[in-house]
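Colleague: Here you go, start.txt (compact mmCIF, N, CA and C atoms):
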```txt
# COMPACT_ATOMS: atom_id res chain seq x y z
N LEU R 1 2.28 32.84 0.31
CA LEU R 1 1.37 32.42 1.35
C LEU R 1 0.29 31.50 0.77
N ILE R 2 0.64 30.77 -0.25
CA ILE R 2 -0.31 29.90 -0.95
C ILE R 2 -0.62 28.65 -0.14
N ASN R 3 -1.91 28.30 -0.10
CA ASN R 3 -2.39 27.04 0.45
C ASN R 3 -1.90 26.77 1.88
N ASN R 4 -2.17 27.72 2.77
CA ASN R 4 -1.76 27.58 4.17
C ASN R 4 -2.93 27.58 5.15
N LYS R 5 -4.13 27.50 4.65
CA LYS R 5 -5.34 27.50 5.48
C LYS R 5 -5.47 28.76 6.32
N LEU R 6 -4.92 29.87 5.82
CA LEU R 6 -5.02 31.15 6.51
C LEU R 6 -6.46 31.64 6.47
N ARG R 7 -6.91 32.23 7.57
CA ARG R 7 -8.30 32.71 7.65
C ARG R 7 -8.41 34.22 7.73
N HIS R 8 -7.47 34.86 8.40
CA HIS R 8 -7.52 36.31 8.54
C HIS R 8 -6.12 36.85 8.83
N PHE R 9 -6.00 38.16 8.74
CA PHE R 9 -4.73 38.85 8.99
C PHE R 9 -4.98 40.01 9.92
N ASP R 10 -4.06 40.28 10.81
CA ASP R 10 -4.14 41.47 11.65
C ASP R 10 -4.02 42.71 10.77
N SER R 11 -4.55 43.81 11.23
CA SER R 11 -4.53 45.03 10.42
C SER R 11 -3.12 45.53 10.12
N ASP R 12 -2.14 45.14 10.91
CA ASP R 12 -0.75 45.56 10.67
C ASP R 12 0.12 44.40 10.16
N ALA R 13 -0.50 43.40 9.60
CA ALA R 13 0.22 42.20 9.15
C ALA R 13 1.30 42.50 8.12
N PHE R 14 1.09 43.55 7.32
CA PHE R 14 2.03 43.84 6.24
C PHE R 14 2.91 45.06 6.53
N PHE R 15 2.94 45.46 7.78
CA PHE R 15 3.79 46.58 8.20
C PHE R 15 5.25 46.25 7.85
N SER R 16 5.98 47.20 7.38
CA SER R 16 7.40 47.10 7.00
C SER R 16 7.63 46.31 5.71
N LEU R 17 6.59 46.12 4.92
CA LEU R 17 6.74 45.42 3.62
C LEU R 17 6.45 46.37 2.46
N SER R 18 6.81 47.60 2.60
CA SER R 18 6.47 48.62 1.60
C SER R 18 7.11 48.37 0.23
N LYS R 19 8.13 47.55 0.15
CA LYS R 19 8.79 47.28 -1.14
C LYS R 19 8.28 46.00 -1.81
N LEU R 20 7.38 45.28 -1.15
CA LEU R 20 6.83 44.05 -1.71
C LEU R 20 6.05 44.35 -2.99
N LYS R 21 6.32 43.59 -4.05
CA LYS R 21 5.68 43.84 -5.35
C LYS R 21 4.66 42.78 -5.73
N ASN R 22 4.78 41.59 -5.19
CA ASN R 22 3.89 40.49 -5.56
C ASN R 22 3.45 39.76 -4.30
N LEU R 23 2.14 39.65 -4.11
CA LEU R 23 1.61 38.95 -2.93
C LEU R 23 0.57 37.94 -3.41
N ASN R 24 0.86 36.67 -3.18
CA ASN R 24 -0.03 35.60 -3.60
C ASN R 24 -0.59 34.89 -2.37
N MET R 25 -1.89 35.04 -2.17
CA MET R 25 -2.56 34.41 -1.04
C MET R 25 -3.63 33.44 -1.53
N ASP R 26 -3.38 32.80 -2.65
CA ASP R 26 -4.32 31.84 -3.24
C ASP R 26 -4.54 30.63 -2.35
N GLU R 27 -5.71 30.03 -2.51
CA GLU R 27 -6.03 28.74 -1.90
C GLU R 27 -5.87 28.71 -0.38
N ASN R 28 -6.44 29.72 0.26
CA ASN R 28 -6.51 29.75 1.71
C ASN R 28 -7.97 29.71 2.11
N GLU R 29 -8.28 30.13 3.30
CA GLU R 29 -9.66 30.13 3.79
C GLU R 29 -10.07 31.53 4.24
N ILE R 30 -9.57 32.52 3.53
CA ILE R 30 -9.83 33.92 3.88
C ILE R 30 -11.26 34.28 3.50
N SER R 31 -12.04 34.70 4.48
CA SER R 31 -13.42 35.08 4.21
C SER R 31 -13.64 36.59 4.39
N TYR R 32 -12.67 37.24 5.02
CA TYR R 32 -12.82 38.66 5.32
C TYR R 32 -11.46 39.35 5.28
N LEU R 33 -11.45 40.54 4.71
CA LEU R 33 -10.25 41.39 4.72
C LEU R 33 -10.62 42.70 5.38
N SER R 34 -9.92 43.10 6.41
CA SER R 34 -10.24 44.35 7.07
C SER R 34 -9.95 45.55 6.19
N ASP R 35 -10.63 46.63 6.49
CA ASP R 35 -10.39 47.89 5.79
C ASP R 35 -8.94 48.28 5.92
N ARG R 36 -8.37 48.75 4.84
CA ARG R 36 -6.98 49.26 4.80
C ARG R 36 -5.94 48.19 5.15
N ILE R 37 -6.26 46.94 4.97
CA ILE R 37 -5.32 45.84 5.29
C ILE R 37 -4.02 45.95 4.49
N PHE R 38 -4.09 46.53 3.29
CA PHE R 38 -2.91 46.61 2.42
C PHE R 38 -2.26 48.00 2.43
N LYS R 39 -2.60 48.84 3.39
CA LYS R 39 -2.15 50.23 3.40
C LYS R 39 -0.64 50.42 3.40
N TYR R 40 0.11 49.45 3.90
CA TYR R 40 1.57 49.57 3.94
C TYR R 40 2.26 49.07 2.67
N LEU R 41 1.51 48.47 1.78
CA LEU R 41 2.09 47.85 0.58
C LEU R 41 2.08 48.82 -0.60
N SER R 42 2.75 49.92 -0.45
CA SER R 42 2.72 51.00 -1.44
C SER R 42 3.38 50.65 -2.77
N SER R 43 4.13 49.57 -2.85
CA SER R 43 4.78 49.16 -4.10
C SER R 43 4.13 47.93 -4.72
N LEU R 44 3.07 47.42 -4.10
CA LEU R 44 2.46 46.18 -4.57
C LEU R 44 1.86 46.33 -5.96
N GLN R 45 2.26 45.46 -6.87
CA GLN R 45 1.78 45.49 -8.25
C GLN R 45 0.85 44.32 -8.56
N ILE R 46 1.07 43.18 -7.94
CA ILE R 46 0.27 41.99 -8.20
C ILE R 46 -0.26 41.44 -6.88
N LEU R 47 -1.58 41.29 -6.81
CA LEU R 47 -2.23 40.73 -5.63
C LEU R 47 -3.18 39.63 -6.09
N SER R 48 -2.94 38.44 -5.60
CA SER R 48 -3.79 37.31 -5.96
C SER R 48 -4.43 36.73 -4.71
N LEU R 49 -5.75 36.69 -4.73
CA LEU R 49 -6.55 36.15 -3.63
C LEU R 49 -7.47 35.05 -4.17
N LYS R 50 -7.03 34.38 -5.19
CA LYS R 50 -7.82 33.37 -5.87
C LYS R 50 -8.14 32.18 -4.96
N ASN R 51 -9.36 31.66 -5.11
CA ASN R 51 -9.80 30.45 -4.44
C ASN R 51 -9.72 30.55 -2.91
N ASN R 52 -10.37 31.60 -2.39
CA ASN R 52 -10.55 31.76 -0.96
C ASN R 52 -12.04 31.71 -0.67
N LYS R 53 -12.47 32.31 0.40
CA LYS R 53 -13.89 32.30 0.77
C LYS R 53 -14.41 33.72 0.96
N LEU R 54 -13.84 34.65 0.20
CA LEU R 54 -14.25 36.05 0.33
C LEU R 54 -15.72 36.21 -0.05
N LEU R 55 -16.47 36.91 0.80
CA LEU R 55 -17.89 37.12 0.58
C LEU R 55 -18.20 38.55 0.14
N ASP R 56 -17.44 39.50 0.67
CA ASP R 56 -17.73 40.92 0.43
C ASP R 56 -16.45 41.72 0.56
N LEU R 57 -16.39 42.82 -0.15
CA LEU R 57 -15.26 43.75 -0.06
C LEU R 57 -15.81 45.14 0.17
N THR R 58 -15.25 45.87 1.09
CA THR R 58 -15.73 47.22 1.37
C THR R 58 -14.98 48.22 0.47
N PRO R 59 -15.47 49.44 0.40
CA PRO R 59 -14.76 50.46 -0.39
C PRO R 59 -13.34 50.73 0.11
N LEU R 60 -13.02 50.35 1.34
CA LEU R 60 -11.68 50.61 1.89
C LEU R 60 -10.78 49.38 1.92
N THR R 61 -11.22 48.26 1.39
CA THR R 61 -10.41 47.04 1.43
C THR R 61 -9.05 47.26 0.77
N PHE R 62 -9.04 47.86 -0.40
CA PHE R 62 -7.79 48.01 -1.16
C PHE R 62 -7.18 49.41 -1.04
N TYR R 63 -7.55 50.11 0.01
CA TYR R 63 -7.01 51.45 0.26
C TYR R 63 -5.48 51.39 0.30
N GLY R 64 -4.85 52.32 -0.41
CA GLY R 64 -3.39 52.40 -0.44
C GLY R 64 -2.77 51.74 -1.65
N LEU R 65 -3.56 51.00 -2.42
CA LEU R 65 -3.02 50.31 -3.60
C LEU R 65 -3.38 51.02 -4.92
N GLN R 66 -4.10 52.11 -4.84
CA GLN R 66 -4.60 52.78 -6.04
C GLN R 66 -3.52 53.17 -7.03
N ASN R 67 -2.35 53.53 -6.55
CA ASN R 67 -1.29 54.01 -7.44
C ASN R 67 -0.33 52.93 -7.91
N SER R 68 -0.36 51.77 -7.30
CA SER R 68 0.64 50.75 -7.65
C SER R 68 0.06 49.47 -8.25
N LEU R 69 -1.13 49.06 -7.84
CA LEU R 69 -1.67 47.76 -8.24
C LEU R 69 -1.98 47.70 -9.73
N LYS R 70 -1.44 46.68 -10.39
CA LYS R 70 -1.66 46.48 -11.82
C LYS R 70 -2.50 45.24 -12.10
N MET R 71 -2.46 44.25 -11.20
CA MET R 71 -3.21 43.02 -11.41
C MET R 71 -3.81 42.54 -10.09
N LEU R 72 -5.11 42.25 -10.13
CA LEU R 72 -5.83 41.75 -8.96
C LEU R 72 -6.65 40.54 -9.39
N ASP R 73 -6.43 39.40 -8.73
CA ASP R 73 -7.17 38.18 -9.05
C ASP R 73 -8.05 37.80 -7.86
N LEU R 74 -9.36 37.87 -8.08
CA LEU R 74 -10.33 37.51 -7.05
C LEU R 74 -11.17 36.31 -7.50
N SER R 75 -10.72 35.60 -8.50
CA SER R 75 -11.50 34.50 -9.05
C SER R 75 -11.66 33.36 -8.03
N LEU R 76 -12.71 32.59 -8.22
CA LEU R 76 -13.03 31.42 -7.39
C LEU R 76 -13.24 31.77 -5.92
N ASN R 77 -13.87 32.90 -5.68
CA ASN R 77 -14.29 33.29 -4.33
C ASN R 77 -15.81 33.22 -4.28
N LYS R 78 -16.39 33.64 -3.18
CA LYS R 78 -17.84 33.58 -3.01
C LYS R 78 -18.44 34.98 -2.98
N LEU R 79 -17.86 35.89 -3.75
CA LEU R 79 -18.33 37.27 -3.78
C LEU R 79 -19.73 37.34 -4.40
N ALA R 80 -20.67 37.90 -3.65
CA ALA R 80 -22.02 38.05 -4.15
C ALA R 80 -22.11 39.27 -5.07
N HIS R 81 -21.37 40.30 -4.75
CA HIS R 81 -21.29 41.51 -5.57
C HIS R 81 -19.98 42.22 -5.27
N LEU R 82 -19.61 43.09 -6.16
CA LEU R 82 -18.37 43.85 -5.99
C LEU R 82 -18.72 45.32 -6.06
N ASN R 83 -18.52 46.02 -4.98
CA ASN R 83 -18.77 47.44 -4.92
C ASN R 83 -17.76 48.16 -5.80
N ALA R 84 -18.23 48.97 -6.73
CA ALA R 84 -17.34 49.69 -7.65
C ALA R 84 -16.31 50.53 -6.91
N TYR R 85 -16.67 51.04 -5.76
CA TYR R 85 -15.75 51.89 -4.99
C TYR R 85 -14.64 51.09 -4.32
N SER R 86 -14.75 49.78 -4.28
CA SER R 86 -13.69 48.95 -3.69
C SER R 86 -12.41 49.02 -4.50
N LEU R 87 -12.53 49.36 -5.77
CA LEU R 87 -11.37 49.38 -6.65
C LEU R 87 -11.05 50.77 -7.18
N SER R 88 -11.68 51.80 -6.65
CA SER R 88 -11.43 53.15 -7.13
C SER R 88 -10.52 53.91 -6.18
N GLU R 89 -10.11 55.08 -6.62
CA GLU R 89 -9.22 55.91 -5.79
C GLU R 89 -9.98 56.58 -4.68
```
Just give me the structure as structure tokens.
Modeller:
Amino acid sequence: LINNKLRHFDSDAFFSLSKLKNLNMDENEISYLSDRIFKYLSSLQILSLKNNKLLDLTPLTFYGLQNSLKMLDLSLNKLAHLNAYSLSE
């Protein structure tokens, strides 16, 4: 999903993709991710959101990825701060 000018995703956008291991959403215009947006991606190991317009992440943004995610790239965003609980179990 690289460089498609995407701005947001519905909360069930990734439904039925439980076996997906790599998701690259670099170079879009994403400024917000809803809570539990990745809840169906139980096998996801690599998530790249590089070079978007993310401003903030809530403690529930990455809910459901605690046991599978090995690499997360948030570089080149507009994050003012990162809540420690956004990446914890």
Colleague: Would you list the residues near (-7.4, 29.0, -7.1) (no more than 6 Å away, in the coordinates of the file, using only C-alpha atoms) as a ChimeraX atom specification?
Modeller: /R:26-27,50-51
Colleague: DSSP on the backbone, strand (DSSP E or B) only: what residues of chain R does that give? Format it as a PyMOL selection string.
Modeller: chain R and resi 22-24+46-48+71-73
Colleague: Just want the 12 Å neighbourhood of segment 34-44 of chain R, counted on only C-alpha atoms, with same-chain residues fewer than 2 positions away dropped. Output as a PyMOL selection string.
Modeller: chain R and resi 7-24+30-32+46-48+54+56-72+86
Colleague: Atom CA of Leu49 of chain R to atom CA of Leu76 of chain R: how many Å, to one decimal?
Modeller: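 Atom-to-atom, atom CA of Leu49 of chain R and atom CA of Leu76 of chain R are spaced 8.9 Å apart.
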Colleague: Select all residues near (-3.5, 27.9, -1.4) (cut-off 6.5 Å, inclusive, file coordinates), counting all atoms listed in the file, and output them as number ranges by chain.
Modeller: R: 1-5, 25-28
Colleague: Using atom C of Asn52 of chain R and atom C of His81 of chain R as the two end points, give the distance in Å to one decimal.
Modeller: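 Taking atom C of Asn52 of chain R and atom C of His81 of chain R, their separation equals 14.0 Å.
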Colleague: As a PyMOL selection string, please: all residues of chain R that backbone DSSP puts in helix (DSSP H, G or I).
Modeller: chain R and resi 84-87
Colleague: For atom N of Asp73 of chain R and atom N of Gln45 of chain R, determine how far apart the two atoms are, in Å to one decimal place.
Modeller: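 Here the two named atoms are 10.8 Å from each other.
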Colleague: Assuming the input is short of atoms at segment 55-66 of chain R, produce all heavy atoms for that part as a CSV table (one decimal), keeping the file's coordinate frame.
Modeller:
```csv
chain,number,residue,atom,x,y,z
R,55,LEU,N,-16.5,36.9,0.8
R,55,LEU,CA,-17.9,37.1,0.6
R,55,LEU,C,-18.2,38.6,0.1
R,55,LEU,O,-19.1,38.8,-0.6
R,55,LEU,CB,-18.7,36.8,1.9
R,55,LEU,CG,-18.6,35.4,2.4
R,55,LEU,CD1,-19.2,35.3,3.8
R,55,LEU,CD2,-19.2,34.4,1.4
R,56,ASP,N,-17.4,39.5,0.7
R,56,ASP,CA,-17.7,40.9,0.4
R,56,ASP,C,-16.4,41.7,0.6
R,56,ASP,O,-15.6,41.3,1.3
R,56,ASP,CB,-18.8,41.4,1.5
R,56,ASP,CG,-19.3,42.7,1.1
R,56,ASP,OD1,-19.3,43.2,-0.1
R,56,ASP,OD2,-19.9,43.4,2.0
R,57,LEU,N,-16.4,42.8,-0.2
R,57,LEU,CA,-15.3,43.8,-0.1
R,57,LEU,C,-15.8,45.1,0.2
R,57,LEU,O,-16.8,45.5,-0.5
R,57,LEU,CB,-14.4,43.7,-1.4
R,57,LEU,CG,-13.8,42.4,-1.7
R,57,LEU,CD1,-13.2,42.5,-3.1
R,57,LEU,CD2,-12.8,42.0,-0.8
R,58,THR,N,-15.2,45.9,1.1
R,58,THR,CA,-15.7,47.2,1.4
R,58,THR,C,-15.0,48.2,0.5
R,58,THR,O,-13.9,47.9,-0.1
R,58,THR,CB,-15.5,47.6,2.8
R,58,THR,OG1,-14.1,47.9,3.0
R,58,THR,CG2,-16.0,46.5,3.8
R,59,PRO,N,-15.5,49.4,0.4
R,59,PRO,CA,-14.8,50.5,-0.4
R,59,PRO,C,-13.3,50.7,0.1
R,59,PRO,O,-12.5,51.3,-0.6
R,59,PRO,CB,-15.6,51.7,-0.2
R,59,PRO,CG,-17.0,51.2,0.0
R,59,PRO,CD,-16.8,49.9,0.8
R,60,LEU,N,-13.0,50.4,1.3
R,60,LEU,CA,-11.7,50.6,1.9
R,60,LEU,C,-10.8,49.4,1.9
R,60,LEU,O,-9.7,49.5,2.4
R,60,LEU,CB,-11.8,51.2,3.3
R,60,LEU,CG,-12.5,52.5,3.4
R,60,LEU,CD1,-12.7,53.0,4.8
R,60,LEU,CD2,-11.7,53.6,2.6
R,61,THR,N,-11.2,48.3,1.4
R,61,THR,CA,-10.4,47.0,1.4
R,61,THR,C,-9.0,47.3,0.8
R,61,THR,O,-8.0,46.9,1.3
R,61,THR,CB,-11.1,45.9,0.7
R,61,THR,OG1,-12.4,45.6,1.4
R,61,THR,CG2,-10.3,44.6,0.8
R,62,PHE,N,-9.0,47.9,-0.4
R,62,PHE,CA,-7.8,48.0,-1.2
R,62,PHE,C,-7.2,49.4,-1.0
R,62,PHE,O,-6.3,49.8,-1.9
R,62,PHE,CB,-8.0,47.7,-2.6
R,62,PHE,CG,-8.5,46.2,-2.8
R,62,PHE,CD1,-9.8,46.0,-3.1
R,62,PHE,CD2,-7.7,45.2,-2.6
R,62,PHE,CE1,-10.3,44.7,-3.3
R,62,PHE,CE2,-8.1,43.9,-2.7
R,62,PHE,CZ,-9.4,43.6,-3.0
R,63,TYR,N,-7.6,50.1,0.0
R,63,TYR,CA,-7.0,51.4,0.3
R,63,TYR,C,-5.5,51.4,0.3
R,63,TYR,O,-4.9,50.5,0.9
R,63,TYR,CB,-7.5,52.0,1.6
R,63,TYR,CG,-7.0,53.3,2.0
R,63,TYR,CD1,-7.6,54.5,1.5
R,63,TYR,CD2,-5.9,53.4,2.8
R,63,TYR,CE1,-7.1,55.7,1.9
R,63,TYR,CE2,-5.3,54.7,3.1
R,63,TYR,CZ,-6.0,55.8,2.7
R,63,TYR,OH,-5.4,57.0,3.0
R,64,GLY,N,-4.8,52.3,-0.4
R,64,GLY,CA,-3.4,52.4,-0.4
R,64,GLY,C,-2.8,51.7,-1.6
R,64,GLY,O,-1.6,51.9,-1.9
R,65,LEU,N,-3.6,51.0,-2.4
R,65,LEU,CA,-3.0,50.3,-3.6
R,65,LEU,C,-3.4,51.0,-4.9
R,65,LEU,O,-3.0,50.6,-6.0
R,65,LEU,CB,-3.6,48.9,-3.7
R,65,LEU,CG,-3.2,48.0,-2.5
R,65,LEU,CD1,-3.8,46.6,-2.7
R,65,LEU,CD2,-1.7,47.8,-2.3
R,66,GLN,N,-4.1,52.1,-4.8
R,66,GLN,CA,-4.6,52.8,-6.0
R,66,GLN,C,-3.5,53.2,-7.0
R,66,GLN,O,-3.7,53.1,-8.2
R,66,GLN,CB,-5.4,54.0,-5.7
R,66,GLN,CG,-6.6,53.8,-4.9
R,66,GLN,CD,-6.4,53.8,-3.4
R,66,GLN,OE1,-5.2,53.7,-2.9
R,66,GLN,NE2,-7.4,53.9,-2.6
```
